[in-house]
file final.pdb (PDB, C-alpha atoms)
MODEL        1
ATOM      1  CA  MET K 855      55.901  74.378 -59.559
ATOM      2  CA  GLY K 856      56.523  75.460 -55.992
ATOM      3  CA  ILE K 857      59.472  77.715 -56.917
ATOM      4  CA  GLU K 858      59.132  81.345 -55.891
ATOM      5  CA  SER K 859      59.998  84.193 -58.231
ATOM      6  CA  PRO K 860      62.575  85.030 -59.443
ATOM      7  CA  TYR K 861      62.844  81.799 -61.338
ATOM      8  CA  ILE K 862      66.549  80.987 -61.678
ATOM      9  CA  ARG K 863      67.284  79.960 -65.261
ATOM     10  CA  PRO K 864      70.942  79.137 -66.019
ATOM     11  CA  ARG K 865      69.849  78.464 -69.604
ATOM     12  CA  ARG K 866      69.541  82.219 -70.163
ATOM     13  CA  LEU K 867      73.328  82.273 -70.582
ATOM     14  CA  ARG K 868      73.218  79.515 -73.204
ATOM     15  CA  VAL K 869      70.499  80.724 -75.546
ATOM     16  CA  THR K 870      72.585  82.190 -78.415
ATOM     17  CA  PRO K 871      76.114  81.861 -79.747
ATOM     18  CA  ALA K 872      76.761  85.486 -78.806
ATOM     19  CA  VAL K 873      75.727  84.950 -75.186
ATOM     20  CA  ARG K 874      77.727  81.752 -74.917
ATOM     21  CA  ARG K 875      80.780  83.514 -76.294
ATOM     22  CA  LEU K 876      80.314  86.405 -73.889
ATOM     23  CA  VAL K 877      80.291  84.226 -70.766
ATOM     24  CA  ALA K 878      82.775  81.539 -71.811
ATOM     25  CA  GLU K 879      85.087  80.801 -68.892
ATOM     26  CA  THR K 880      87.850  79.209 -70.957
ATOM     27  CA  ARG K 881      89.274  80.497 -74.214
ATOM     28  CA  LEU K 882      91.935  79.388 -76.632
ATOM     29  CA  HIS K 883      94.320  81.731 -78.381
ATOM     30  CA  PRO K 884      96.706  80.829 -81.227
ATOM     31  CA  ALA K 885      99.675  82.079 -79.194
ATOM     32  CA  GLU K 886      99.021  79.365 -76.598
ATOM     33  CA  LEU K 887      99.511  76.588 -79.148
ATOM     34  CA  ILE K 888     102.818  74.856 -79.878
ATOM     35  CA  MET K 889     103.154  72.809 -83.055
ATOM     36  CA  PRO K 890     105.399  69.717 -82.924
ATOM     37  CA  MET K 891     107.193  69.054 -86.219
ATOM     38  CA  PHE K 892     109.421  66.229 -87.416
ATOM     39  CA  VAL K 893     112.329  66.625 -89.828
ATOM     40  CA  ARG K 894     114.083  63.618 -91.327
ATOM     41  CA  GLU K 895     117.549  63.413 -92.781
ATOM     42  CA  GLY K 896     118.091  62.085 -96.284
ATOM     43  CA  ILE K 897     114.599  62.381 -97.793
ATOM     44  CA  THR K 898     113.541  64.465-100.786
ATOM     45  CA  GLU K 899     109.779  64.395-100.198
ATOM     46  CA  PRO K 900     107.719  64.461 -96.981
ATOM     47  CA  VAL K 901     107.008  61.005 -95.579
ATOM     48  CA  PRO K 902     103.483  60.535 -94.145
ATOM     49  CA  VAL K 903     103.210  59.045 -90.655
ATOM     50  CA  SER K 904     100.650  56.296 -91.257
ATOM     51  CA  SER K 905      99.380  56.202 -87.669
ATOM     52  CA  MET K 906      98.958  59.984 -87.551
ATOM     53  CA  PRO K 907      96.938  61.067 -90.613
ATOM     54  CA  GLY K 908      97.952  64.533 -91.720
ATOM     55  CA  VAL K 909     101.344  64.425 -89.967
ATOM     56  CA  VAL K 910     104.562  63.987 -91.951
ATOM     57  CA  GLN K 911     108.283  63.660 -91.524
ATOM     58  CA  HIS K 912     109.463  66.830 -93.251
ATOM     59  CA  THR K 913     112.382  67.549 -95.488
ATOM     60  CA  ARG K 914     114.321  70.651 -94.526
ATOM     61  CA  ASP K 915     112.540  72.600 -97.263
ATOM     62  CA  THR K 916     109.021  71.474 -96.358
ATOM     63  CA  LEU K 917     109.787  72.118 -92.693
ATOM     64  CA  LYS K 918     110.549  75.732 -93.523
ATOM     65  CA  LYS K 919     107.254  75.992 -95.381
ATOM     66  CA  ALA K 920     105.339  74.446 -92.453
ATOM     67  CA  ALA K 921     107.073  76.784 -90.027
ATOM     68  CA  ASN K 922     106.018  79.778 -92.095
ATOM     69  CA  GLU K 923     102.429  78.517 -92.145
ATOM     70  CA  ALA K 924     102.487  78.148 -88.368
ATOM     71  CA  ALA K 925     103.882  81.633 -87.914
ATOM     72  CA  ALA K 926     101.288  83.119 -90.275
ATOM     73  CA  ALA K 927      98.533  81.438 -88.271
ATOM     74  CA  GLY K 928      99.837  83.010 -85.063
ATOM     75  CA  VAL K 929     101.015  79.805 -83.405
ATOM     76  CA  GLY K 930     103.083  80.567 -80.324
ATOM     77  CA  GLY K 931     105.866  78.089 -80.912
ATOM     78  CA  ILE K 932     107.086  75.017 -82.734
ATOM     79  CA  MET K 933     108.816  72.014 -81.183
ATOM     80  CA  LEU K 934     111.335  70.338 -83.492
ATOM     81  CA  PHE K 935     112.235  66.637 -83.496
ATOM     82  CA  GLY K 936     115.099  65.367 -85.641
ATOM     83  CA  ILE K 937     115.268  61.954 -87.299
ATOM     84  CA  PRO K 938     118.830  61.068 -88.292
ATOM     85  CA  ALA K 939     119.883  58.688 -91.034
ATOM     86  CA  VAL K 940     122.172  56.830 -88.622
ATOM     87  CA  GLN K 941     121.544  55.693 -85.049
ATOM     88  CA  ASP K 942     124.101  54.280 -82.622
ATOM     89  CA  ALA K 943     124.436  53.245 -78.993
ATOM     90  CA  THR K 944     125.146  56.724 -77.642
ATOM     91  CA  GLY K 945     123.095  58.820 -80.059
ATOM     92  CA  THR K 946     126.067  60.509 -81.686
ATOM     93  CA  GLU K 947     123.988  62.466 -84.186
ATOM     94  CA  GLY K 948     122.182  64.199 -81.353
ATOM     95  CA  THR K 949     125.348  66.111 -80.539
ATOM     96  CA  ASN K 950     126.651  66.571 -84.063
ATOM     97  CA  PRO K 951     126.708  70.332 -84.704
ATOM     98  CA  ASP K 952     125.672  69.551 -88.282
ATOM     99  CA  GLY K 953     123.128  66.898 -87.329
ATOM    100  CA  ILE K 954     119.640  67.085 -88.780
ATOM    101  CA  LEU K 955     118.055  68.742 -85.746
ATOM    102  CA  GLN K 956     120.727  71.419 -85.529
ATOM    103  CA  GLN K 957     120.367  72.115 -89.251
ATOM    104  CA  ALA K 958     116.595  72.345 -88.834
ATOM    105  CA  ILE K 959     116.946  74.745 -85.913
ATOM    106  CA  ARG K 960     119.130  77.056 -87.996
ATOM    107  CA  ASP K 961     116.696  76.840 -90.909
ATOM    108  CA  VAL K 962     113.623  77.626 -88.860
ATOM    109  CA  VAL K 963     115.199  80.369 -86.768
ATOM    110  CA  ALA K 964     116.264  82.068 -89.994
ATOM    111  CA  GLU K 965     112.751  81.729 -91.426
ATOM    112  CA  VAL K 966     110.475  82.576 -88.486
ATOM    113  CA  GLY K 967     112.655  83.162 -85.448
ATOM    114  CA  ASP K 968     111.279  86.661 -84.906
ATOM    115  CA  GLN K 969     107.662  85.530 -85.119
ATOM    116  CA  LEU K 970     107.422  82.568 -82.763
ATOM    117  CA  VAL K 971     109.406  80.551 -80.235
ATOM    118  CA  VAL K 972     111.620  77.893 -81.790
ATOM    119  CA  MET K 973     111.925  74.902 -79.455
ATOM    120  CA  SER K 974     113.847  71.650 -79.748
ATOM    121  CA  ASP K 975     113.478  68.233 -78.203
ATOM    122  CA  LEU K 976     116.457  67.435 -76.024
ATOM    123  CA  CYS K 977     116.495  63.652 -75.774
ATOM    124  CA  LEU K 978     118.410  60.715 -77.194
ATOM    125  CA  ASP K 979     115.657  58.286 -78.181
ATOM    126  CA  GLU K 980     115.542  59.485 -81.790
ATOM    127  CA  TYR K 981     119.297  58.976 -82.095
ATOM    128  CA  THR K 982     120.001  55.676 -80.307
ATOM    129  CA  ASP K 983     119.856  52.276 -81.965
ATOM    130  CA  HIS K 984     118.210  50.819 -78.842
ATOM    131  CA  GLY K 985     115.538  53.523 -78.704
ATOM    132  CA  HIS K 986     116.006  54.488 -75.070
ATOM    133  CA  CYS K 987     116.265  58.072 -73.890
ATOM    134  CA  GLY K 988     119.788  57.661 -72.600
ATOM    135  CA  VAL K 989     123.056  55.789 -72.531
ATOM    136  CA  LEU K 990     122.840  52.147 -71.468
ATOM    137  CA  ALA K 991     124.820  50.606 -68.626
ATOM    138  CA  ALA K 992     126.387  47.154 -68.912
ATOM    139  CA  ASP K 993     123.242  45.515 -67.523
ATOM    140  CA  GLY K 994     121.032  47.176 -70.164
ATOM    141  CA  SER K 995     119.500  49.770 -67.855
ATOM    142  CA  VAL K 996     119.631  53.470 -68.641
ATOM    143  CA  ASP K 997     122.600  55.089 -66.898
ATOM    144  CA  ASN K 998     121.183  58.316 -65.469
ATOM    145  CA  ASP K 999     124.416  60.223 -64.880
ATOM    146  CA  ALA K1000     126.159  59.146 -68.069
ATOM    147  CA  THR K1001     123.050  60.291 -69.929
ATOM    148  CA  LEU K1002     123.212  63.705 -68.271
ATOM    149  CA  LEU K1003     126.627  64.264 -69.826
ATOM    150  CA  ARG K1004     125.118  63.645 -73.242
ATOM    151  CA  TYR K1005     122.209  65.987 -72.493
ATOM    152  CA  ALA K1006     124.633  68.757 -71.542
ATOM    153  CA  GLU K1007     126.371  68.433 -74.894
ATOM    154  CA  MET K1008     123.035  68.325 -76.735
ATOM    155  CA  ALA K1009     121.954  71.519 -75.003
ATOM    156  CA  ARG K1010     125.095  73.299 -76.116
ATOM    157  CA  VAL K1011     124.862  72.329 -79.787
ATOM    158  CA  GLN K1012     121.151  73.141 -79.957
ATOM    159  CA  ALA K1013     121.752  76.527 -78.361
ATOM    160  CA  ASP K1014     124.687  77.189 -80.682
ATOM    161  CA  ALA K1015     122.296  76.496 -83.580
ATOM    162  CA  GLY K1016     120.083  79.310 -82.313
ATOM    163  CA  VAL K1017     117.208  77.581 -80.541
ATOM    164  CA  HIS K1018     115.149  79.741 -78.187
ATOM    165  CA  MET K1019     113.984  77.006 -75.828
ATOM    166  CA  VAL K1020     115.054  73.426 -75.155
ATOM    167  CA  GLY K1021     112.774  70.643 -73.986
ATOM    168  CA  PRO K1022     114.638  67.995 -71.974
ATOM    169  CA  SER K1023     112.200  65.092 -72.202
ATOM    170  CA  GLY K1024     114.123  62.032 -71.031
ATOM    171  CA  MET K1025     112.992  62.046 -67.379
ATOM    172  CA  MET K1026     116.529  61.658 -66.040
ATOM    173  CA  ASP K1027     117.005  62.830 -62.462
ATOM    174  CA  GLY K1028     118.815  66.165 -62.420
ATOM    175  CA  GLN K1029     118.405  66.844 -66.134
ATOM    176  CA  VAL K1030     117.144  70.397 -65.768
ATOM    177  CA  ALA K1031     120.032  71.429 -63.515
ATOM    178  CA  VAL K1032     122.617  69.889 -65.828
ATOM    179  CA  VAL K1033     121.105  71.506 -68.917
ATOM    180  CA  ARG K1034     120.869  74.899 -67.196
ATOM    181  CA  GLU K1035     124.493  74.732 -66.092
ATOM    182  CA  ALA K1036     125.646  73.612 -69.536
ATOM    183  CA  LEU K1037     123.848  76.484 -71.236
ATOM    184  CA  ASP K1038     125.073  79.100 -68.793
ATOM    185  CA  GLU K1039     128.679  77.938 -68.988
ATOM    186  CA  VAL K1040     128.858  78.727 -72.708
ATOM    187  CA  GLY K1041     127.007  82.039 -72.604
ATOM    188  CA  HIS K1042     123.504  80.849 -73.473
ATOM    189  CA  GLN K1043     121.805  82.260 -70.377
ATOM    190  CA  ASP K1044     118.889  83.485 -72.498
ATOM    191  CA  VAL K1045     117.971  80.031 -73.797
ATOM    192  CA  SER K1046     115.042  78.851 -71.696
ATOM    193  CA  ILE K1047     114.034  75.380 -70.554
ATOM    194  CA  LEU K1048     110.644  73.748 -70.991
ATOM    195  CA  ALA K1049     110.928  70.867 -68.522
ATOM    196  CA  TYR K1050     109.073  67.632 -69.194
ATOM    197  CA  THR K1051     108.158  67.496 -65.519
ATOM    198  CA  ALA K1052     105.436  64.853 -65.361
ATOM    199  CA  LYS K1053     105.973  62.488 -68.268
ATOM    200  CA  TYR K1054     104.248  59.162 -67.890
ATOM    201  CA  ALA K1055     105.132  55.713 -69.252
ATOM    202  CA  SER K1056     102.079  55.871 -71.467
ATOM    203  CA  ALA K1057     100.536  53.731 -74.181
ATOM    204  CA  PHE K1058      99.397  57.005 -75.754
ATOM    205  CA  PHE K1059     102.906  57.522 -77.136
ATOM    206  CA  GLY K1060     102.567  54.620 -79.590
ATOM    207  CA  PRO K1061     102.219  56.500 -82.902
ATOM    208  CA  PHE K1062     105.092  58.812 -81.958
ATOM    209  CA  ARG K1063     107.465  55.844 -82.197
ATOM    210  CA  GLU K1064     106.731  55.652 -85.924
ATOM    211  CA  ALA K1065     107.002  59.405 -86.324
ATOM    212  CA  VAL K1066     110.578  59.512 -84.995
ATOM    213  CA  GLY K1067     111.689  56.119 -86.294
ATOM    214  CA  SER K1068     112.239  54.760 -82.789
ATOM    215  CA  SER K1069     113.790  51.301 -82.508
ATOM    216  CA  LEU K1070     112.749  50.838 -78.870
ATOM    217  CA  LYS K1071     112.520  47.320 -77.543
ATOM    218  CA  GLY K1072     110.924  46.946 -74.145
ATOM    219  CA  ASP K1073     109.619  49.983 -72.270
ATOM    220  CA  ARG K1074     110.620  53.095 -70.345
ATOM    221  CA  LYS K1075     108.903  52.303 -67.070
ATOM    222  CA  ALA K1076     112.153  52.547 -65.110
ATOM    223  CA  TYR K1077     112.442  56.284 -65.773
ATOM    224  CA  GLN K1078     109.061  57.625 -66.911
ATOM    225  CA  GLN K1079     106.326  57.983 -64.304
ATOM    226  CA  ASP K1080     103.880  55.250 -63.361
ATOM    227  CA  PRO K1081     100.351  56.105 -64.608
ATOM    228  CA  ALA K1082      99.031  55.037 -61.202
ATOM    229  CA  ASN K1083     100.786  57.908 -59.430
ATOM    230  CA  ALA K1084      99.927  61.576 -59.135
ATOM    231  CA  ARG K1085     101.662  62.804 -55.974
ATOM    232  CA  GLU K1086     105.151  62.281 -57.372
ATOM    233  CA  SER K1087     104.365  64.792 -60.118
ATOM    234  CA  LEU K1088     104.402  67.525 -57.487
ATOM    235  CA  ARG K1089     107.780  66.320 -56.283
ATOM    236  CA  GLU K1090     109.074  66.436 -59.864
ATOM    237  CA  LEU K1091     107.608  69.935 -60.168
ATOM    238  CA  GLU K1092     109.394  71.121 -57.046
ATOM    239  CA  LEU K1093     112.698  69.683 -58.261
ATOM    240  CA  ASP K1094     112.451  71.058 -61.805
ATOM    241  CA  VAL K1095     111.604  74.556 -60.627
ATOM    242  CA  ALA K1096     114.472  74.478 -58.116
ATOM    243  CA  GLU K1097     116.838  73.332 -60.869
ATOM    244  CA  GLY K1098     115.934  76.251 -63.123
ATOM    245  CA  ALA K1099     112.965  75.256 -65.290
ATOM    246  CA  ASP K1100     111.334  78.239 -66.981
ATOM    247  CA  LEU K1101     108.192  76.293 -67.934
ATOM    248  CA  VAL K1102     106.976  72.853 -66.905
ATOM    249  CA  MET K1103     104.927  70.238 -68.736
ATOM    250  CA  VAL K1104     102.505  67.382 -68.162
ATOM    251  CA  LYS K1105     102.551  64.637 -70.812
ATOM    252  CA  PRO K1106     100.207  63.098 -71.994
ATOM    253  CA  ALA K1107      97.384  65.559 -71.463
ATOM    254  CA  MET K1108      93.868  64.138 -71.611
ATOM    255  CA  ALA K1109      94.308  61.027 -69.468
ATOM    256  CA  TYR K1110      96.164  63.144 -66.901
ATOM    257  CA  LEU K1111      93.942  66.204 -66.528
ATOM    258  CA  ASP K1112      93.848  65.649 -62.766
ATOM    259  CA  VAL K1113      97.643  65.770 -62.643
ATOM    260  CA  LEU K1114      97.636  68.847 -64.873
ATOM    261  CA  ARG K1115      95.243  70.598 -62.502
ATOM    262  CA  GLU K1116      97.434  69.789 -59.498
ATOM    263  CA  VAL K1117     100.583  70.965 -61.231
ATOM    264  CA  ALA K1118      98.882  74.155 -62.406
ATOM    265  CA  ASP K1119      97.643  74.878 -58.885
ATOM    266  CA  HIS K1120     101.133  74.548 -57.417
ATOM    267  CA  SER K1121     103.482  75.806 -60.134
ATOM    268  CA  PRO K1122     105.168  79.221 -59.875
ATOM    269  CA  VAL K1123     106.075  79.050 -63.585
ATOM    270  CA  PRO K1124     103.922  78.584 -66.716
ATOM    271  CA  VAL K1125     102.449  75.111 -67.237
ATOM    272  CA  ALA K1126     102.222  73.345 -70.594
ATOM    273  CA  ALA K1127     100.588  70.077 -71.610
ATOM    274  CA  TYR K1128     101.332  67.837 -74.576
ATOM    275  CA  GLN K1129      98.361  66.408 -76.475
ATOM    276  CA  VAL K1130     100.308  63.404 -77.672
ATOM    277  CA  SER K1131     100.259  61.202 -80.753
ATOM    278  CA  GLY K1132      97.808  58.632 -79.408
ATOM    279  CA  GLU K1133      95.294  61.320 -78.496
ATOM    280  CA  TYR K1134      95.598  62.764 -81.981
ATOM    281  CA  ALA K1135      95.373  59.368 -83.678
ATOM    282  CA  MET K1136      92.240  58.313 -81.812
ATOM    283  CA  VAL K1137      90.329  61.412 -82.845
ATOM    284  CA  GLU K1138      91.485  61.197 -86.464
ATOM    285  CA  ALA K1139      90.628  57.492 -86.668
ATOM    286  CA  ALA K1140      87.172  57.962 -85.198
ATOM    287  CA  ALA K1141      86.525  60.899 -87.522
ATOM    288  CA  ALA K1142      87.683  58.899 -90.548
ATOM    289  CA  ASN K1143      85.080  56.289 -89.671
ATOM    290  CA  GLY K1144      82.359  58.910 -89.405
ATOM    291  CA  TRP K1145      81.809  58.240 -85.715
ATOM    292  CA  ILE K1146      82.434  61.768 -84.430
ATOM    293  CA  ASP K1147      82.375  65.390 -85.505
ATOM    294  CA  ARG K1148      86.117  65.894 -86.000
ATOM    295  CA  ASP K1149      86.348  69.661 -85.635
ATOM    296  CA  ARG K1150      84.109  69.828 -82.573
ATOM    297  CA  MET K1151      86.031  66.998 -80.951
ATOM    298  CA  ILE K1152      89.359  68.711 -81.547
ATOM    299  CA  MET K1153      88.165  71.932 -79.959
ATOM    300  CA  GLU K1154      86.560  70.128 -77.036
ATOM    301  CA  THR K1155      89.763  68.252 -76.250
ATOM    302  CA  LEU K1156      91.828  71.428 -76.384
ATOM    303  CA  ILE K1157      89.382  73.342 -74.237
ATOM    304  CA  SER K1158      89.481  70.547 -71.651
ATOM    305  CA  ILE K1159      93.273  70.783 -71.473
ATOM    306  CA  ARG K1160      93.160  74.571 -71.211
ATOM    307  CA  ARG K1161      90.409  74.383 -68.596
ATOM    308  CA  ALA K1162      92.483  71.980 -66.500
ATOM    309  CA  GLY K1163      95.205  74.590 -66.244
ATOM    310  CA  ALA K1164      97.525  74.383 -69.243
ATOM    311  CA  GLU K1165      98.688  77.778 -70.407
ATOM    312  CA  GLN K1166     100.467  76.315 -73.432
ATOM    313  CA  ILE K1167      99.375  73.236 -75.385
ATOM    314  CA  LEU K1168     101.535  71.167 -77.705
ATOM    315  CA  THR K1169      99.201  69.711 -80.302
ATOM    316  CA  TYR K1170      99.567  68.311 -83.813
ATOM    317  CA  TRP K1171      96.501  70.369 -84.758
ATOM    318  CA  GLY K1172      98.312  73.563 -83.724
ATOM    319  CA  THR K1173      98.446  75.342 -87.072
ATOM    320  CA  GLU K1174      94.997  74.197 -88.151
ATOM    321  CA  VAL K1175      93.328  75.259 -84.933
ATOM    322  CA  ALA K1176      95.183  78.566 -84.895
ATOM    323  CA  GLN K1177      93.774  79.260 -88.353
ATOM    324  CA  TRP K1178      90.270  78.455 -87.114
ATOM    325  CA  LEU K1179      90.676  80.823 -84.172
ATOM    326  CA  ARG K1180      92.020  83.657 -86.299
ATOM    327  CA  ASN K1181      89.189  83.249 -88.791
ATOM    328  CA  GLY K1182      86.554  83.307 -86.062
TER     329      GLY K1182
ENDMDL
END

call {"tool": "encode", "arguments": {"input": "final.pdb", "output": "structure tokens"}}
result
Amino acid sequence: MGIESPYIRPRRLRVTPAVRRLVAETRLHPAELIMPMFVREGITEPVPVSSMPGVVQHTRDTLKKAANEAAAAGVGGIMLFGIPAVQDATGTEGTNPDGILQQAIRDVVAEVGDQLVVMSDLCLDEYTDHGHCGVLAADGSVDNDATLLRYAEMARVQADAGVHMVGPSGMMDGQVAVVREALDEVGHQDVSILAYTAKYASAFFGPFREAVGSSLKGDRKAYQQDPANARESLRELELDVAEGADLVMVKPAMAYLDVLREVADHSPVPVAAYQVSGEYAMVEAAAANGWIDRDRMIMETLISIRRAGAEQILTYWGTEVAQWLRNG
């Protein structure tokens, strides 16, 4: 064949499962997975999310059970989202010390707080009757600085409930600094911040709207990032780290692997990525139609996110995949 010995054969490192496992460059571990969970006020049974097969809005009791299952599987953390019975213009229930999210935090910390990291979403969209992530100005736009005051109060009540880590996700300018200051002022210096650093105005969030009962009309393009842009993610990274972020995140994950790689290459703190509702729904829908191998597809998507630089991955398959990994 005109090729001198030794004949280079890359396939030698692919011939058996044992060899492939030995030389794998990217690995997943249960502790790198974060399981998002929804808890809804005023229900007595879990409510399935129709656009996300297998995902439910939990009662407080079923949330505790799911949290225990996640902890037993070795999942690294859970991210809690609260769904109140009442929404209003300023998201009052988000800062109610006895609101559904604060109750859920106390429940889960008591159940599994020594076994994994209990995280909470710090945003107003679940609590507002207009569905935006902040307080509205007279012209209907989101008032950045008025919203920051609400975020500060949310941070305090979530920390008082015992949360280990807050996730400010609203993409307001200065949110990390305001949350850090609010936590420190009331003695919660040990509560860490997972900053939603590069969060895009994405169509992949669609099923999530059902999951949290969002009443959003319009869009969030005025405060979430434009999918056409990557460079500004590095600016957001620089700002969030300077303001006190302990971890940073790229959201969504799979359509933004290039952004994830850039952020991972430049970040001095751990980098997470959120495999969002639309990513989950597409795989589940295709699998339900028999078009793909579900389990292989799940693992391939997660490996791609890990390979692109995510050290933590939020995924609705978190507990299931952690069980697979623990069972070999």

call {"tool": "axis_aligned_box", "arguments": {"input": "final.pdb", "around": "range 1007-1018 of chain K", "padding_each_side": "8 Å", "output": "lines of an AutoDock Vina configuration file"}}
result
center_x = 120.8
center_y = 74.0
center_z = -79.2
size_x = 27.2
size_y = 27.4
size_z = 24.7

call {"tool": "resolve_selection", "arguments": {"input": "final.pdb", "expression": "the PyMOL selection byres ((chain K and resi 995) around 12)", "output": "list of chain:residue names"}}
result
K:His984, K:His986, K:Cys987, K:Gly988, K:Val989, K:Leu990, K:Ala991, K:Ala992, K:Asp993, K:Gly994, K:Val996, K:Asp997, K:Asn998, K:Asp999, K:Ala1000, K:Thr1001, K:Gly1072, K:Asp1073, K:Arg1074, K:Lys1075, K:Ala1076, K:Tyr1077

call {"tool": "resolve_selection", "arguments": {"input": "final.pdb", "expression": "the PyMOL selection byres ((chain K and resi 1013) around 12)", "output": "PyMOL selection string"}}
result
chain K and resi 949+951+955-957+959-960+963+972-976+1006-1012+1014-1021+1033-1034+1036-1047

call {"tool": "residues_around", "arguments": {"input": "final.pdb", "residues": "range 1169-1181 of chain K", "least_positions_apart": "5", "cutoff": "10 Å", "atoms": "only C-alpha atoms", "output": "compact mmCIF listing (two decimals) with C-alpha atoms, in the frame of the given file"}}
result
# COMPACT_ATOMS: atom_id res chain seq x y z
CA LEU K 882 91.94 79.39 -76.63
CA HIS K 883 94.32 81.73 -78.38
CA PRO K 884 96.71 80.83 -81.23
CA ALA K 885 99.68 82.08 -79.19
CA GLU K 886 99.02 79.36 -76.60
CA LEU K 887 99.51 76.59 -79.15
CA ILE K 888 102.82 74.86 -79.88
CA MET K 889 103.15 72.81 -83.06
CA PRO K 890 105.40 69.72 -82.92
CA MET K 891 107.19 69.05 -86.22
CA MET K 906 98.96 59.98 -87.55
CA GLY K 908 97.95 64.53 -91.72
CA VAL K 909 101.34 64.42 -89.97
CA ALA K 920 105.34 74.45 -92.45
CA ALA K 921 107.07 76.78 -90.03
CA GLU K 923 102.43 78.52 -92.14
CA ALA K 924 102.49 78.15 -88.37
CA ALA K 925 103.88 81.63 -87.91
CA ALA K 926 101.29 83.12 -90.28
CA ALA K 927 98.53 81.44 -88.27
CA GLY K 928 99.84 83.01 -85.06
CA VAL K 929 101.02 79.81 -83.40
CA GLY K 930 103.08 80.57 -80.32
CA GLY K 931 105.87 78.09 -80.91
CA ILE K 932 107.09 75.02 -82.73
CA MET K 933 108.82 72.01 -81.18
CA ALA K 1107 97.38 65.56 -71.46
CA ALA K 1127 100.59 70.08 -71.61
CA TYR K 1128 101.33 67.84 -74.58
CA GLN K 1129 98.36 66.41 -76.47
CA VAL K 1130 100.31 63.40 -77.67
CA SER K 1131 100.26 61.20 -80.75
CA GLU K 1133 95.29 61.32 -78.50
CA TYR K 1134 95.60 62.76 -81.98
CA ALA K 1135 95.37 59.37 -83.68
CA ASP K 1149 86.35 69.66 -85.64
CA ILE K 1152 89.36 68.71 -81.55
CA MET K 1153 88.16 71.93 -79.96
CA LEU K 1156 91.83 71.43 -76.38

call {"tool": "atom_distance", "arguments": {"input": "final.pdb", "atom1": "CA of Tyr1110 in chain K", "atom2": "CA of Phe1062 in chain K"}}
result
18.0 Å

call {"tool": "atom_distance", "arguments": {"input": "final.pdb", "atom1": "CA of Tyr1050 in chain K", "atom2": "CA of Ala1096 in chain K"}}
result
14.1 Å

call {"tool": "resolve_selection", "arguments": {"input": "final.pdb", "expression": "the PyMOL selection byres ((chain K and resi 1025-1028) around 7)", "output": "PyMOL selection string"}}
result
chain K and resi 998+1023-1024+1029-1032+1077-1078

call {"tool": "atom_distance", "arguments": {"input": "final.pdb", "atom1": "CA of Ala939 in chain K", "atom2": "CA of Gly967 in chain K"}}
result
26.1 Å

call {"tool": "residues_around", "arguments": {"input": "final.pdb", "residues": "Thr946 in chain K", "least_positions_apart": "5", "cutoff": "8 Å", "atoms": "all atoms listed in the file", "output": "list of chain:residue names"}}
result
K:Gln941, K:Tyr981, K:Thr982

call {"tool": "write_last_selection", "arguments": {"input": "final.pdb", "atoms": "C-alpha atoms", "output": "short mmCIF file (atom, residue, chain, number, x, y, z; two decimals), in the coordinates of the input"}}
result
data_model
loop_
_atom_site.label_atom_id
_atom_site.label_comp_id
_atom_site.auth_asym_id
_atom_site.auth_seq_id
_atom_site.Cartn_x
_atom_site.Cartn_y
_atom_site.Cartn_z
CA GLN K 941 121.54 55.69 -85.05
CA TYR K 981 119.30 58.98 -82.10
CA THR K 982 120.00 55.68 -80.31
#

call {"tool": "decode", "arguments": {"input": "final.pdb", "residues": "range 1162-1171 of chain K", "atoms": "N, CA and C atoms", "output": "mmCIF file, in the first residue's frame"}}
result
data_model
loop_
_atom_site.group_PDB
_atom_site.id
_atom_site.type_symbol
_atom_site.label_atom_id
_atom_site.label_comp_id
_atom_site.auth_asym_id
_atom_site.auth_seq_id
_atom_site.Cartn_x
_atom_site.Cartn_y
_atom_site.Cartn_z
ATOM 1 N N ALA K 1162 -16.849 19.824 26.074
ATOM 2 C CA ALA K 1162 -16.717 21.235 25.725
ATOM 3 C C ALA K 1162 -16.244 22.091 26.890
ATOM 4 N N GLY K 1163 -16.184 21.506 28.080
ATOM 5 C CA GLY K 1163 -15.591 22.229 29.194
ATOM 6 C C GLY K 1163 -16.423 22.378 30.438
ATOM 7 N N ALA K 1164 -17.656 21.878 30.449
ATOM 8 C CA ALA K 1164 -18.482 21.985 31.645
ATOM 9 C C ALA K 1164 -17.978 21.035 32.718
ATOM 10 N N GLU K 1165 -17.806 21.564 33.910
ATOM 11 C CA GLU K 1165 -17.400 20.731 35.035
ATOM 12 C C GLU K 1165 -18.601 20.282 35.860
ATOM 13 N N GLN K 1166 -19.705 20.986 35.711
ATOM 14 C CA GLN K 1166 -20.980 20.589 36.307
ATOM 15 C C GLN K 1166 -22.051 20.718 35.225
ATOM 16 N N ILE K 1167 -23.000 19.791 35.219
ATOM 17 C CA ILE K 1167 -24.060 19.807 34.213
ATOM 18 C C ILE K 1167 -25.410 19.700 34.907
ATOM 19 N N LEU K 1168 -26.253 20.691 34.676
ATOM 20 C CA LEU K 1168 -27.649 20.598 35.117
ATOM 21 C C LEU K 1168 -28.411 19.853 34.039
ATOM 22 N N THR K 1169 -29.052 18.765 34.409
ATOM 23 C CA THR K 1169 -29.769 17.948 33.446
ATOM 24 C C THR K 1169 -30.941 17.251 34.119
ATOM 25 N N TYR K 1170 -32.061 17.181 33.418
ATOM 26 C CA TYR K 1170 -33.251 16.522 33.958
ATOM 27 C C TYR K 1170 -33.093 15.003 33.992
ATOM 28 N N TRP K 1171 -32.033 14.489 33.416
ATOM 29 C CA TRP K 1171 -31.703 13.066 33.519
ATOM 30 C C TRP K 1171 -30.703 12.811 34.650
#
